[in-house]
file query32.cif (mmCIF, C-alpha atoms)
data_structure
loop_
_atom_site.group_PDB
_atom_site.id
_atom_site.type_symbol
_atom_site.label_atom_id
_atom_site.label_comp_id
_atom_site.auth_asym_id
_atom_site.auth_seq_id
_atom_site.Cartn_x
_atom_site.Cartn_y
_atom_site.Cartn_z
ATOM 1 C CA MET U 2 9.207 -34.086 -10.852
ATOM 2 C CA LEU U 3 6.271 -32.160 -12.292
ATOM 3 C CA LEU U 4 2.866 -33.240 -10.901
ATOM 4 C CA LYS U 5 4.488 -35.601 -8.411
ATOM 5 C CA ASP U 6 3.252 -33.514 -5.491
ATOM 6 C CA ILE U 7 -0.532 -33.164 -5.149
ATOM 7 C CA ARG U 8 0.002 -29.409 -4.754
ATOM 8 C CA ASP U 9 1.144 -29.336 -8.377
ATOM 9 C CA TYR U 10 -2.409 -30.282 -9.341
ATOM 10 C CA GLN U 11 -3.802 -27.530 -7.145
ATOM 11 C CA ILE U 12 -1.553 -25.021 -8.857
ATOM 12 C CA LEU U 13 -2.604 -26.325 -12.268
ATOM 13 C CA PHE U 14 -6.312 -26.197 -11.448
ATOM 14 C CA LEU U 15 -6.240 -22.752 -9.809
ATOM 15 C CA GLY U 16 -4.298 -21.412 -12.775
ATOM 16 C CA LEU U 17 -6.920 -22.957 -15.057
ATOM 17 C CA PHE U 18 -9.688 -21.225 -13.079
ATOM 18 C CA LEU U 19 -7.958 -17.882 -13.600
ATOM 19 C CA VAL U 20 -7.747 -18.453 -17.346
ATOM 20 C CA VAL U 21 -11.377 -19.622 -17.526
ATOM 21 C CA GLY U 22 -12.573 -16.732 -15.405
ATOM 22 C CA ILE U 23 -10.792 -14.130 -17.482
ATOM 23 C CA GLY U 24 -11.894 -15.732 -20.730
ATOM 24 C CA THR U 25 -15.551 -16.421 -19.911
ATOM 25 C CA ARG U 26 -16.559 -14.087 -17.096
ATOM 26 C CA ASP U 27 -14.881 -10.874 -18.293
ATOM 27 C CA TRP U 28 -13.473 -10.138 -14.845
ATOM 28 C CA THR U 29 -11.678 -6.929 -14.071
ATOM 29 C CA LEU U 30 -8.525 -8.932 -13.427
ATOM 30 C CA ARG U 31 -5.300 -7.086 -14.097
ATOM 31 C CA PRO U 32 -2.278 -9.227 -15.041
ATOM 32 C CA GLU U 33 0.071 -6.934 -13.139
ATOM 33 C CA LEU U 34 -1.836 -7.524 -9.900
ATOM 34 C CA ILE U 35 -1.654 -11.288 -10.395
ATOM 35 C CA ALA U 36 2.104 -10.945 -10.952
ATOM 36 C CA VAL U 37 2.415 -8.841 -7.787
ATOM 37 C CA ALA U 38 0.504 -11.439 -5.744
ATOM 38 C CA ILE U 39 2.691 -14.282 -7.008
ATOM 39 C CA ALA U 40 6.000 -12.435 -6.637
ATOM 40 C CA THR U 41 5.173 -11.125 -3.166
ATOM 41 C CA SER U 42 3.983 -14.502 -1.894
ATOM 42 C CA LEU U 43 7.045 -16.359 -3.153
ATOM 43 C CA ALA U 44 9.468 -13.710 -1.886
ATOM 44 C CA THR U 45 7.826 -13.534 1.552
ATOM 45 C CA GLN U 46 7.844 -17.314 1.900
ATOM 46 C CA TRP U 47 11.517 -17.549 0.965
ATOM 47 C CA ILE U 48 12.662 -14.661 3.175
ATOM 48 C CA LEU U 49 10.725 -15.754 6.266
ATOM 49 C CA SER U 50 11.901 -19.341 5.831
ATOM 50 C CA LEU U 51 15.497 -18.148 5.912
ATOM 51 C CA VAL U 52 14.950 -15.729 8.804
ATOM 52 C CA THR U 53 13.144 -18.266 10.986
ATOM 53 C CA GLY U 54 15.370 -21.170 9.996
ATOM 54 C CA LYS U 55 12.374 -23.340 9.112
ATOM 55 C CA GLU U 56 13.710 -25.320 6.187
ATOM 56 C CA GLN U 57 10.487 -27.266 5.825
ATOM 57 C CA MET U 58 8.797 -23.989 4.872
ATOM 58 C CA THR U 59 11.109 -23.286 1.931
ATOM 59 C CA ASN U 60 8.905 -25.279 -0.464
ATOM 60 C CA LEU U 61 7.284 -22.559 -2.562
ATOM 61 C CA ARG U 62 4.308 -24.583 -3.789
ATOM 62 C CA SER U 63 2.070 -23.526 -0.906
ATOM 63 C CA ALA U 64 2.993 -19.874 -1.410
ATOM 64 C CA LEU U 65 2.098 -20.126 -5.090
ATOM 65 C CA ILE U 66 -1.255 -21.723 -4.212
ATOM 66 C CA THR U 67 -1.949 -18.867 -1.795
ATOM 67 C CA SER U 68 -1.127 -16.247 -4.430
ATOM 68 C CA LEU U 69 -3.423 -17.911 -6.989
ATOM 69 C CA GLY U 70 -6.214 -18.053 -4.414
ATOM 70 C CA LEU U 71 -5.804 -14.343 -3.719
ATOM 71 C CA SER U 72 -5.829 -13.599 -7.446
ATOM 72 C CA LEU U 73 -9.070 -15.540 -7.875
ATOM 73 C CA LEU U 74 -10.975 -13.979 -4.987
ATOM 74 C CA LEU U 75 -9.513 -10.597 -4.055
ATOM 75 C CA ARG U 76 -9.907 -7.409 -6.088
ATOM 76 C CA ALA U 77 -7.981 -4.172 -5.592
ATOM 77 C CA ASP U 78 -7.418 -0.859 -7.322
ATOM 78 C CA HIS U 79 -3.743 -0.540 -6.431
ATOM 79 C CA TRP U 80 -0.872 -2.997 -6.605
ATOM 80 C CA THR U 81 0.197 -2.108 -3.065
ATOM 81 C CA THR U 82 -3.051 -3.572 -1.722
ATOM 82 C CA MET U 83 -2.394 -6.911 -3.401
ATOM 83 C CA ALA U 84 1.197 -6.879 -2.149
ATOM 84 C CA ILE U 85 0.011 -6.215 1.419
ATOM 85 C CA ALA U 86 -2.546 -9.022 1.213
ATOM 86 C CA ALA U 87 0.008 -11.509 -0.156
ATOM 87 C CA ALA U 88 2.722 -10.608 2.365
ATOM 88 C CA ILE U 89 0.339 -10.823 5.332
ATOM 89 C CA ALA U 90 -1.147 -14.079 4.051
ATOM 90 C CA ILE U 91 2.255 -15.808 3.972
ATOM 91 C CA ALA U 92 3.440 -14.199 7.206
ATOM 92 C CA SER U 93 0.386 -15.553 9.042
ATOM 93 C CA LYS U 94 1.745 -19.101 8.584
ATOM 94 C CA PHE U 95 4.879 -18.183 10.508
ATOM 95 C CA ILE U 96 3.246 -16.023 13.188
ATOM 96 C CA PHE U 97 0.018 -17.758 14.159
ATOM 97 C CA GLN U 98 1.220 -21.226 15.107
ATOM 98 C CA VAL U 99 0.485 -23.669 17.901
ATOM 99 C CA GLY U 100 2.681 -26.730 18.100
ATOM 100 C CA ASP U 101 4.343 -25.845 14.783
ATOM 101 C CA LYS U 102 0.942 -25.786 13.047
ATOM 102 C CA HIS U 103 -0.632 -22.654 11.583
ATOM 103 C CA PHE U 104 -4.377 -22.452 12.078
ATOM 104 C CA PHE U 105 -5.371 -19.583 9.750
ATOM 105 C CA ASN U 106 -5.887 -20.330 6.083
ATOM 106 C CA PRO U 107 -3.259 -18.044 4.494
ATOM 107 C CA ALA U 108 -5.352 -16.832 1.544
ATOM 108 C CA ASN U 109 -8.346 -16.228 3.783
ATOM 109 C CA PHE U 110 -6.196 -14.325 6.288
ATOM 110 C CA GLY U 111 -4.785 -12.180 3.479
ATOM 111 C CA ILE U 112 -8.244 -11.396 2.116
ATOM 112 C CA ILE U 113 -9.667 -10.361 5.490
ATOM 113 C CA SER U 114 -6.548 -8.319 6.298
ATOM 114 C CA ALA U 115 -6.817 -6.445 3.000
ATOM 115 C CA LEU U 116 -10.516 -5.730 3.603
ATOM 116 C CA ILE U 117 -9.738 -4.331 7.061
ATOM 117 C CA LEU U 118 -6.475 -2.490 6.429
ATOM 118 C CA THR U 119 -6.887 -1.038 2.938
ATOM 119 C CA PRO U 120 -9.548 1.237 1.424
ATOM 120 C CA ASP U 121 -9.693 -0.306 -2.045
ATOM 121 C CA ALA U 122 -9.947 -4.074 -1.512
ATOM 122 C CA TRP U 123 -13.124 -5.999 -2.156
ATOM 123 C CA VAL U 124 -14.413 -9.508 -2.823
ATOM 124 C CA SER U 125 -17.113 -10.348 -5.347
ATOM 125 C CA PRO U 126 -18.788 -13.621 -4.262
ATOM 126 C CA GLY U 127 -21.010 -13.634 -7.360
ATOM 127 C CA GLN U 128 -18.184 -13.310 -9.868
ATOM 128 C CA TRP U 129 -18.625 -16.884 -11.105
ATOM 129 C CA GLY U 130 -22.341 -16.522 -11.734
ATOM 130 C CA GLU U 131 -24.587 -19.580 -11.498
ATOM 131 C CA GLU U 132 -23.829 -21.528 -14.669
ATOM 132 C CA TRP U 133 -23.910 -25.277 -14.062
ATOM 133 C CA TRP U 134 -20.676 -26.094 -15.910
ATOM 134 C CA TYR U 135 -18.632 -24.053 -13.446
ATOM 135 C CA GLY U 136 -19.959 -26.314 -10.710
ATOM 136 C CA LEU U 137 -18.926 -29.405 -12.645
ATOM 137 C CA LEU U 138 -15.470 -27.953 -13.240
ATOM 138 C CA PHE U 139 -14.939 -27.165 -9.561
ATOM 139 C CA ALA U 140 -16.418 -30.446 -8.336
ATOM 140 C CA GLY U 141 -14.335 -32.523 -10.734
ATOM 141 C CA THR U 142 -11.006 -30.847 -10.062
ATOM 142 C CA GLY U 143 -11.678 -30.368 -6.361
ATOM 143 C CA GLY U 144 -12.710 -33.997 -6.083
ATOM 144 C CA MET U 145 -9.340 -35.147 -7.402
ATOM 145 C CA ILE U 146 -7.553 -33.124 -4.720
ATOM 146 C CA LEU U 147 -9.851 -34.150 -1.865
ATOM 147 C CA GLN U 148 -9.659 -37.833 -2.768
ATOM 148 C CA ARG U 149 -5.891 -37.706 -2.430
ATOM 149 C CA VAL U 150 -5.701 -35.694 0.789
ATOM 150 C CA GLY U 151 -8.728 -37.362 2.400
ATOM 151 C CA ARG U 152 -10.737 -34.236 3.237
ATOM 152 C CA TRP U 153 -14.108 -34.971 1.637
ATOM 153 C CA ASP U 154 -15.626 -35.037 5.125
ATOM 154 C CA THR U 155 -14.953 -31.309 5.573
ATOM 155 C CA THR U 156 -16.557 -30.281 2.300
ATOM 156 C CA ALA U 157 -19.529 -32.596 2.835
ATOM 157 C CA ALA U 158 -20.118 -31.350 6.390
ATOM 158 C CA PHE U 159 -19.964 -27.703 5.323
ATOM 159 C CA LEU U 160 -22.132 -27.954 2.206
ATOM 160 C CA GLY U 161 -24.563 -30.390 3.833
ATOM 161 C CA SER U 162 -25.074 -28.216 6.917
ATOM 162 C CA TYR U 163 -25.345 -24.982 4.994
ATOM 163 C CA SER U 164 -27.766 -26.482 2.450
ATOM 164 C CA LEU U 165 -29.949 -27.840 5.255
ATOM 165 C CA LEU U 166 -30.102 -24.487 7.026
ATOM 166 C CA GLU U 167 -31.014 -22.703 3.805
ATOM 167 C CA ALA U 168 -33.702 -25.329 3.073
ATOM 168 C CA ILE U 169 -35.269 -24.874 6.522
ATOM 169 C CA ARG U 170 -35.273 -21.101 6.083
ATOM 170 C CA ASN U 171 -36.751 -21.446 2.600
ATOM 171 C CA LEU U 172 -39.606 -23.597 3.926
ATOM 172 C CA TRP U 173 -40.191 -21.279 6.895
ATOM 173 C CA LEU U 174 -40.530 -18.237 4.632
ATOM 174 C CA GLY U 175 -42.651 -20.108 2.095
ATOM 175 C CA TRP U 176 -40.372 -19.296 -0.823
ATOM 176 C CA THR U 177 -40.201 -21.327 -4.008
ATOM 177 C CA TRP U 178 -37.325 -23.751 -4.481
ATOM 178 C CA ASP U 179 -35.988 -21.586 -7.278
ATOM 179 C CA VAL U 180 -34.900 -19.151 -4.583
ATOM 180 C CA TYR U 181 -33.203 -21.950 -2.672
ATOM 181 C CA TRP U 182 -31.192 -23.163 -5.660
ATOM 182 C CA HIS U 183 -30.321 -19.598 -6.563
ATOM 183 C CA ARG U 184 -28.688 -19.157 -3.142
ATOM 184 C CA LEU U 185 -26.731 -22.393 -3.427
ATOM 185 C CA MET U 186 -25.661 -22.401 -7.073
ATOM 186 C CA SER U 187 -22.691 -20.166 -6.589
ATOM 187 C CA GLY U 188 -19.299 -20.897 -8.109
ATOM 188 C CA SER U 189 -17.587 -18.957 -5.331
ATOM 189 C CA LEU U 190 -19.308 -21.064 -2.668
ATOM 190 C CA LEU U 191 -18.078 -24.261 -4.319
ATOM 191 C CA LEU U 192 -14.605 -22.813 -4.774
ATOM 192 C CA PHE U 193 -14.527 -22.006 -1.067
ATOM 193 C CA ALA U 194 -15.882 -25.416 -0.028
ATOM 194 C CA LEU U 195 -13.535 -27.425 -2.249
ATOM 195 C CA PHE U 196 -10.291 -25.463 -2.179
ATOM 196 C CA MET U 197 -10.184 -23.143 0.842
ATOM 197 C CA ILE U 198 -11.971 -24.756 3.770
ATOM 198 C CA THR U 199 -10.209 -28.066 3.040
ATOM 199 C CA ASP U 200 -6.592 -26.885 3.412
ATOM 200 C CA PRO U 201 -5.202 -29.964 5.240
ATOM 201 C CA ARG U 202 -2.400 -28.033 6.948
ATOM 202 C CA SER U 203 -4.585 -25.537 8.813
ATOM 203 C CA ILE U 204 -7.824 -27.390 9.602
ATOM 204 C CA PRO U 205 -8.423 -29.877 12.479
ATOM 205 C CA ASN U 206 -6.429 -33.094 12.246
ATOM 206 C CA SER U 207 -9.148 -35.542 13.304
ATOM 207 C CA ARG U 208 -12.186 -36.381 11.207
ATOM 208 C CA ILE U 209 -14.687 -35.618 13.958
ATOM 209 C CA GLY U 210 -12.906 -32.340 14.625
ATOM 210 C CA ARG U 211 -13.141 -31.373 10.956
ATOM 211 C CA VAL U 212 -16.845 -32.206 10.826
ATOM 212 C CA VAL U 213 -17.626 -30.173 13.954
ATOM 213 C CA TRP U 214 -15.504 -27.310 12.648
ATOM 214 C CA ALA U 215 -17.142 -27.299 9.200
ATOM 215 C CA VAL U 216 -20.645 -27.387 10.708
ATOM 216 C CA CYS U 217 -19.781 -24.393 12.911
ATOM 217 C CA ILE U 218 -18.497 -22.457 9.887
ATOM 218 C CA ALA U 219 -21.665 -23.292 7.950
ATOM 219 C CA GLY U 220 -23.814 -22.085 10.849
ATOM 220 C CA LEU U 221 -21.932 -18.807 11.210
ATOM 221 C CA THR U 222 -21.990 -18.281 7.443
ATOM 222 C CA PHE U 223 -25.767 -18.757 7.459
ATOM 223 C CA ILE U 224 -26.223 -16.247 10.271
ATOM 224 C CA LEU U 225 -23.929 -13.611 8.791
ATOM 225 C CA ARG U 226 -25.435 -13.913 5.340
ATOM 226 C CA ASN U 227 -29.132 -13.996 6.238
ATOM 227 C CA TYR U 228 -29.352 -11.861 9.369
ATOM 228 C CA PHE U 229 -26.444 -9.428 8.973
ATOM 229 C CA PHE U 230 -26.532 -9.410 5.152
ATOM 230 C CA VAL U 231 -22.779 -9.921 4.776
ATOM 231 C CA SER U 232 -22.151 -10.936 1.166
ATOM 232 C CA THR U 233 -18.676 -12.267 2.035
ATOM 233 C CA ALA U 234 -19.985 -14.295 4.977
ATOM 234 C CA VAL U 235 -18.031 -17.487 4.192
ATOM 235 C CA PHE U 236 -14.688 -15.708 4.408
ATOM 236 C CA TRP U 237 -15.504 -13.945 7.671
ATOM 237 C CA ALA U 238 -16.841 -17.178 9.176
ATOM 238 C CA LEU U 239 -13.670 -19.094 8.324
ATOM 239 C CA PHE U 240 -11.507 -16.274 9.701
ATOM 240 C CA ALA U 241 -13.464 -16.011 12.948
ATOM 241 C CA LEU U 242 -13.540 -19.744 13.652
ATOM 242 C CA ALA U 243 -10.007 -20.619 12.551
ATOM 243 C CA PRO U 244 -8.684 -20.549 16.175
ATOM 244 C CA LEU U 245 -11.279 -23.213 17.049
ATOM 245 C CA THR U 246 -8.897 -25.643 15.332
ATOM 246 C CA ILE U 247 -6.597 -25.444 18.356
ATOM 247 C CA LEU U 248 -9.306 -26.616 20.761
ATOM 248 C CA LEU U 249 -10.547 -29.360 18.448
ATOM 249 C CA ASP U 250 -7.013 -30.728 18.015
ATOM 250 C CA ILE U 251 -6.734 -30.924 21.813
ATOM 251 C CA LEU U 252 -10.103 -32.633 22.213
ATOM 252 C CA TRP U 253 -9.530 -35.153 19.418
ATOM 253 C CA VAL U 254 -5.888 -35.991 18.921
ATOM 254 C CA ALA U 255 -4.850 -37.225 15.475
ATOM 255 C CA PRO U 256 -1.652 -37.157 13.351
ATOM 256 C CA ARG U 257 -1.067 -33.997 11.391
ATOM 257 C CA PHE U 258 -1.193 -34.083 7.607
ATOM 258 C CA ALA U 259 2.113 -33.805 5.717
ATOM 259 C CA TRP U 260 2.175 -33.206 1.958
ATOM 260 C CA GLN U 261 5.498 -34.850 1.149
ATOM 261 C CA GLU U 262 5.013 -37.786 3.469
ATOM 262 C CA ALA U 263 1.624 -38.471 1.937
ATOM 263 C CA ASP U 264 3.058 -38.595 -1.566
ATOM 264 C CA GLU U 265 6.148 -40.606 -0.620
ATOM 265 C CA ARG U 266 4.338 -43.210 1.420
ATOM 266 C CA ALA U 267 1.572 -43.586 -1.121
ATOM 267 C CA GLY U 268 4.331 -44.553 -3.540
ATOM 268 C CA GLU U 269 5.861 -46.954 -1.022
ATOM 269 C CA ALA U 270 2.488 -48.617 -0.598
ATOM 270 C CA GLY U 271 2.409 -49.456 -4.306
ATOM 271 C CA GLY U 272 0.173 -46.586 -5.346
ATOM 272 C CA GLU U 273 -2.417 -47.238 -2.640
ATOM 273 C CA LEU U 274 -4.341 -44.106 -1.739
ATOM 274 C CA LEU U 275 -3.498 -43.257 1.862
ATOM 275 C CA THR U 276 -5.306 -40.783 4.084
ATOM 276 C CA PRO U 277 -3.493 -39.273 7.093
ATOM 277 C CA ASN U 278 -5.016 -41.869 9.453
ATOM 278 C CA LEU U 279 -3.899 -44.699 7.192
ATOM 279 C CA LEU U 280 -0.462 -43.105 6.971
ATOM 280 C CA TYR U 281 -0.256 -43.177 10.743
ATOM 281 C CA LYS U 282 -1.192 -46.864 10.826
ATOM 282 C CA HIS U 283 1.309 -47.512 8.049
ATOM 283 C CA ASP U 284 4.036 -45.925 10.185
ATOM 284 C CA GLN U 285 3.081 -48.014 13.201
ATOM 285 C CA SER U 286 3.213 -51.216 11.188
ATOM 286 C CA ARG U 287 6.670 -50.315 9.939
ATOM 287 C CA LEU U 288 7.916 -49.683 13.463
ATOM 288 C CA SER U 289 6.479 -52.890 14.931
#
call {"tool": "encode", "arguments": {"input": "query32.cif", "output": "structure tokens"}}
result
Amino acid sequence: MLLKDIRDYQILFLGLFLVVGIGTRDWTLRPELIAVAIATSLATQWILSLVTGKEQMTNLRSALITSLGLSLLLRADHWTTMAIAAAIAIASKFIFQVGDKHFFNPANFGIISALILTPDAWVSPGQWGEEWWYGLLFAGTGGMILQRVGRWDTTAAFLGSYSLLEAIRNLWLGWTWDVYWHRLMSGSLLLFALFMITDPRSIPNSRIGRVVWAVCIAGLTFILRNYFFVSTAVFWALFALAPLTILLDILWVAPRFAWQEADERAGEAGGELLTPNLLYKHDQSRLS
């Protein structure tokens, strides 16, 4: 049923962002490249699911979300670059796994791979500008998703840590607070914090693990941006620290998030909003 799965809302919102971006920001988005990203992602997901025999991976919603994320963030001159990014992004879910869990965010992996392997790929972190209504749009739609999947802690830890580091640096350099807000009021930063770093299938399972992980990403982003002047620092930080998820899952054991189980059991509980930890307790009560 349409909009029964929380990923349906993600697809709807990301599609809305594409329409808004094209209509209000005058991006150099080419419809044929968006079509290539979507077609390649869906085809790669379907083929690899059949080849590996992983029936649970045949759901194409996640692949569509990945393709929309690539379309929003990645730019390329040739369609082959977008196809390479999409194919690698989906393939990373099947290749880089520990305990049947992939630890790289697919869209992020595709973006970094395209930047490294192709000569014409780029990311424009400032493409959303600094208009306040973009922030409200992202916060409102992202909030709906995070409330359902229970990952507000990750976004809060990342944005809180990064904002604090930027505030300390701003005070140290004696800059005005206009400079501080200018560095934080970025639509791309909010898009990353609300929709990419919170992917419940690839980030640490436990709450403390997610907080530690998000703080580490914020710290590395701060260093790369301010001392190495990397404009795409958030994407490189997430890519570099993705394997840390493995260690954090070992240190703090917690049940893994499952999209379908979350939706089904929320319905069984009479519409009660269940986070993964509550789902685990719900299972235990049913077994006892």
call {"tool": "closest_residue", "arguments": {"input": "query32.cif", "among": "U:Ser125, U:Thr41, U:Ser189, U:Ser203", "to": "Leu245 of chain U", "atoms": "all atoms listed in the file"}}
result
U:Ser203
call {"tool": "residues_around", "arguments": {"input": "query32.cif", "residues": "segment 96-99 of chain U", "least_positions_apart": "6", "cutoff": "10 Å", "atoms": "only C-alpha atoms", "output": "ChimeraX atom specification"}}
result
/U:89,105,203,244,246-247
call {"tool": "closest_residue", "arguments": {"input": "query32.cif", "among": "U:Arg8, U:Lys94, U:Arg184, U:His79", "to": "Arg226 of chain U", "atoms": "only C-alpha atoms"}}
result
U:Arg184
call {"tool": "resolve_selection", "arguments": {"input": "query32.cif", "expression": "the PyMOL selection byres ((chain U and resi 74-76) around 12)", "output": "PDB file with C-alpha atoms, keeping the file's coordinate frame"}}
result
ATOM      1  CA  LEU U  15      -6.240 -22.752  -9.809  1.00  0.00           C
ATOM      2  CA  PHE U  18      -9.688 -21.225 -13.079  1.00  0.00           C
ATOM      3  CA  LEU U  19      -7.958 -17.882 -13.600  1.00  0.00           C
ATOM      4  CA  GLY U  22     -12.573 -16.732 -15.405  1.00  0.00           C
ATOM      5  CA  TRP U  28     -13.473 -10.138 -14.845  1.00  0.00           C
ATOM      6  CA  THR U  29     -11.678  -6.929 -14.071  1.00  0.00           C
ATOM      7  CA  LEU U  30      -8.525  -8.932 -13.427  1.00  0.00           C
ATOM      8  CA  ARG U  31      -5.300  -7.086 -14.097  1.00  0.00           C
ATOM      9  CA  PRO U  32      -2.278  -9.227 -15.041  1.00  0.00           C
ATOM     10  CA  LEU U  34      -1.836  -7.524  -9.900  1.00  0.00           C
ATOM     11  CA  ILE U  35      -1.654 -11.288 -10.395  1.00  0.00           C
ATOM     12  CA  ALA U  38       0.504 -11.439  -5.744  1.00  0.00           C
ATOM     13  CA  THR U  67      -1.949 -18.867  -1.795  1.00  0.00           C
ATOM     14  CA  SER U  68      -1.127 -16.247  -4.430  1.00  0.00           C
ATOM     15  CA  LEU U  69      -3.423 -17.911  -6.989  1.00  0.00           C
ATOM     16  CA  GLY U  70      -6.214 -18.053  -4.414  1.00  0.00           C
ATOM     17  CA  LEU U  71      -5.804 -14.343  -3.719  1.00  0.00           C
ATOM     18  CA  SER U  72      -5.829 -13.599  -7.446  1.00  0.00           C
ATOM     19  CA  LEU U  73      -9.070 -15.540  -7.875  1.00  0.00           C
ATOM     20  CA  ALA U  77      -7.981  -4.172  -5.592  1.00  0.00           C
ATOM     21  CA  ASP U  78      -7.418  -0.859  -7.322  1.00  0.00           C
ATOM     22  CA  HIS U  79      -3.743  -0.540  -6.431  1.00  0.00           C
ATOM     23  CA  TRP U  80      -0.872  -2.997  -6.605  1.00  0.00           C
ATOM     24  CA  THR U  81       0.197  -2.108  -3.065  1.00  0.00           C
ATOM     25  CA  THR U  82      -3.051  -3.572  -1.722  1.00  0.00           C
ATOM     26  CA  MET U  83      -2.394  -6.911  -3.401  1.00  0.00           C
ATOM     27  CA  ALA U  84       1.197  -6.879  -2.149  1.00  0.00           C
ATOM     28  CA  ILE U  85       0.011  -6.215   1.419  1.00  0.00           C
ATOM     29  CA  ALA U  86      -2.546  -9.022   1.213  1.00  0.00           C
ATOM     30  CA  ALA U  87       0.008 -11.509  -0.156  1.00  0.00           C
ATOM     31  CA  ALA U 108      -5.352 -16.832   1.544  1.00  0.00           C
ATOM     32  CA  ASN U 109      -8.346 -16.228   3.783  1.00  0.00           C
ATOM     33  CA  PHE U 110      -6.196 -14.325   6.288  1.00  0.00           C
ATOM     34  CA  GLY U 111      -4.785 -12.180   3.479  1.00  0.00           C
ATOM     35  CA  ILE U 112      -8.244 -11.396   2.116  1.00  0.00           C
ATOM     36  CA  ILE U 113      -9.667 -10.361   5.490  1.00  0.00           C
ATOM     37  CA  SER U 114      -6.548  -8.319   6.298  1.00  0.00           C
ATOM     38  CA  ALA U 115      -6.817  -6.445   3.000  1.00  0.00           C
ATOM     39  CA  LEU U 116     -10.516  -5.730   3.603  1.00  0.00           C
ATOM     40  CA  THR U 119      -6.887  -1.038   2.938  1.00  0.00           C
ATOM     41  CA  PRO U 120      -9.548   1.237   1.424  1.00  0.00           C
ATOM     42  CA  ASP U 121      -9.693  -0.306  -2.045  1.00  0.00           C
ATOM     43  CA  ALA U 122      -9.947  -4.074  -1.512  1.00  0.00           C
ATOM     44  CA  TRP U 123     -13.124  -5.999  -2.156  1.00  0.00           C
ATOM     45  CA  VAL U 124     -14.413  -9.508  -2.823  1.00  0.00           C
ATOM     46  CA  SER U 125     -17.113 -10.348  -5.347  1.00  0.00           C
ATOM     47  CA  PRO U 126     -18.788 -13.621  -4.262  1.00  0.00           C
ATOM     48  CA  GLY U 127     -21.010 -13.634  -7.360  1.00  0.00           C
ATOM     49  CA  GLN U 128     -18.184 -13.310  -9.868  1.00  0.00           C
ATOM     50  CA  TRP U 129     -18.625 -16.884 -11.105  1.00  0.00           C
ATOM     51  CA  GLY U 188     -19.299 -20.897  -8.109  1.00  0.00           C
ATOM     52  CA  SER U 189     -17.587 -18.957  -5.331  1.00  0.00           C
ATOM     53  CA  LEU U 190     -19.308 -21.064  -2.668  1.00  0.00           C
ATOM     54  CA  LEU U 192     -14.605 -22.813  -4.774  1.00  0.00           C
ATOM     55  CA  PHE U 193     -14.527 -22.006  -1.067  1.00  0.00           C
ATOM     56  CA  PHE U 196     -10.291 -25.463  -2.179  1.00  0.00           C
ATOM     57  CA  MET U 197     -10.184 -23.143   0.842  1.00  0.00           C
ATOM     58  CA  THR U 233     -18.676 -12.267   2.035  1.00  0.00           C
ATOM     59  CA  PHE U 236     -14.688 -15.708   4.408  1.00  0.00           C
TER      60      PHE U 236
END
call {"tool": "atom_distance", "arguments": {"input": "query32.cif", "atom1": "atom CA of Tyr228 of chain U", "atom2": "atom CA of Tyr163 of chain U"}}
result
14.4 Å
call {"tool": "residues_around", "arguments": {"input": "query32.cif", "residues": "segment 154-156 of chain U", "least_positions_apart": "4", "cutoff": "7 Å", "atoms": "all atoms listed in the file", "output": "JSON, numbers by chain"}}
result
{"U": [160, 194, 195, 199, 211, 212, 215]}
call {"tool": "residues_around", "arguments": {"input": "query32.cif", "residues": "Phe95 of chain U", "least_positions_apart": "3", "cutoff": "12 Å", "atoms": "only C-alpha atoms", "output": "PyMOL selection string"}}
result
chain U and resi 45-55+57-59+88-92+98-107
call {"tool": "atom_distance", "arguments": {"input": "query32.cif", "atom1": "atom CA of Asp200 of chain U", "atom2": "atom CA of Ser164 of chain U"}}
result
21.2 Å
call {"tool": "resolve_selection", "arguments": {"input": "query32.cif", "expression": "the PyMOL selection byres ((chain U and resi 62) around 8)", "output": "list in words"}}
result
Arg8, Asp9, Ile12, Asn60, Leu61, Ser63, Ala64, Leu65 and Ile66 of chain U
call {"tool": "atom_distance", "arguments": {"input": "query32.cif", "atom1": "atom CA of Trp214 of chain U", "atom2": "atom CA of Leu242 of chain U"}}
result
7.9 Å
call {"tool": "build_atoms", "arguments": {"input": "query32.cif", "residues": "segment 48-55 of chain U", "atoms": "N, CA and C atoms", "output": "PDB file, in the coordinates of the input"}}
result
ATOM      1  N   ILE U  48      11.969 -15.496   2.187  1.00  0.00           N
ATOM      2  CA  ILE U  48      12.662 -14.661   3.175  1.00  0.00           C
ATOM      3  C   ILE U  48      12.358 -15.119   4.601  1.00  0.00           C
ATOM      4  N   LEU U  49      11.088 -15.348   4.902  1.00  0.00           N
ATOM      5  CA  LEU U  49      10.725 -15.754   6.266  1.00  0.00           C
ATOM      6  C   LEU U  49      11.244 -17.147   6.598  1.00  0.00           C
ATOM      7  N   SER U  50      11.332 -18.016   5.596  1.00  0.00           N
ATOM      8  CA  SER U  50      11.901 -19.341   5.831  1.00  0.00           C
ATOM      9  C   SER U  50      13.365 -19.231   6.233  1.00  0.00           C
ATOM     10  N   LEU U  51      14.085 -18.347   5.579  1.00  0.00           N
ATOM     11  CA  LEU U  51      15.497 -18.148   5.912  1.00  0.00           C
ATOM     12  C   LEU U  51      15.661 -17.476   7.266  1.00  0.00           C
ATOM     13  N   VAL U  52      14.846 -16.477   7.545  1.00  0.00           N
ATOM     14  CA  VAL U  52      14.950 -15.729   8.804  1.00  0.00           C
ATOM     15  C   VAL U  52      14.617 -16.608  10.001  1.00  0.00           C
ATOM     16  N   THR U  53      13.579 -17.422   9.866  1.00  0.00           N
ATOM     17  CA  THR U  53      13.144 -18.266  10.986  1.00  0.00           C
ATOM     18  C   THR U  53      13.894 -19.580  11.061  1.00  0.00           C
ATOM     19  N   GLY U  54      14.630 -19.917  10.000  1.00  0.00           N
ATOM     20  CA  GLY U  54      15.370 -21.170   9.996  1.00  0.00           C
ATOM     21  C   GLY U  54      14.506 -22.390   9.818  1.00  0.00           C
ATOM     22  N   LYS U  55      13.291 -22.214   9.318  1.00  0.00           N
ATOM     23  CA  LYS U  55      12.374 -23.340   9.112  1.00  0.00           C
ATOM     24  C   LYS U  55      12.526 -23.842   7.688  1.00  0.00           C
TER      25      LYS U  55
END
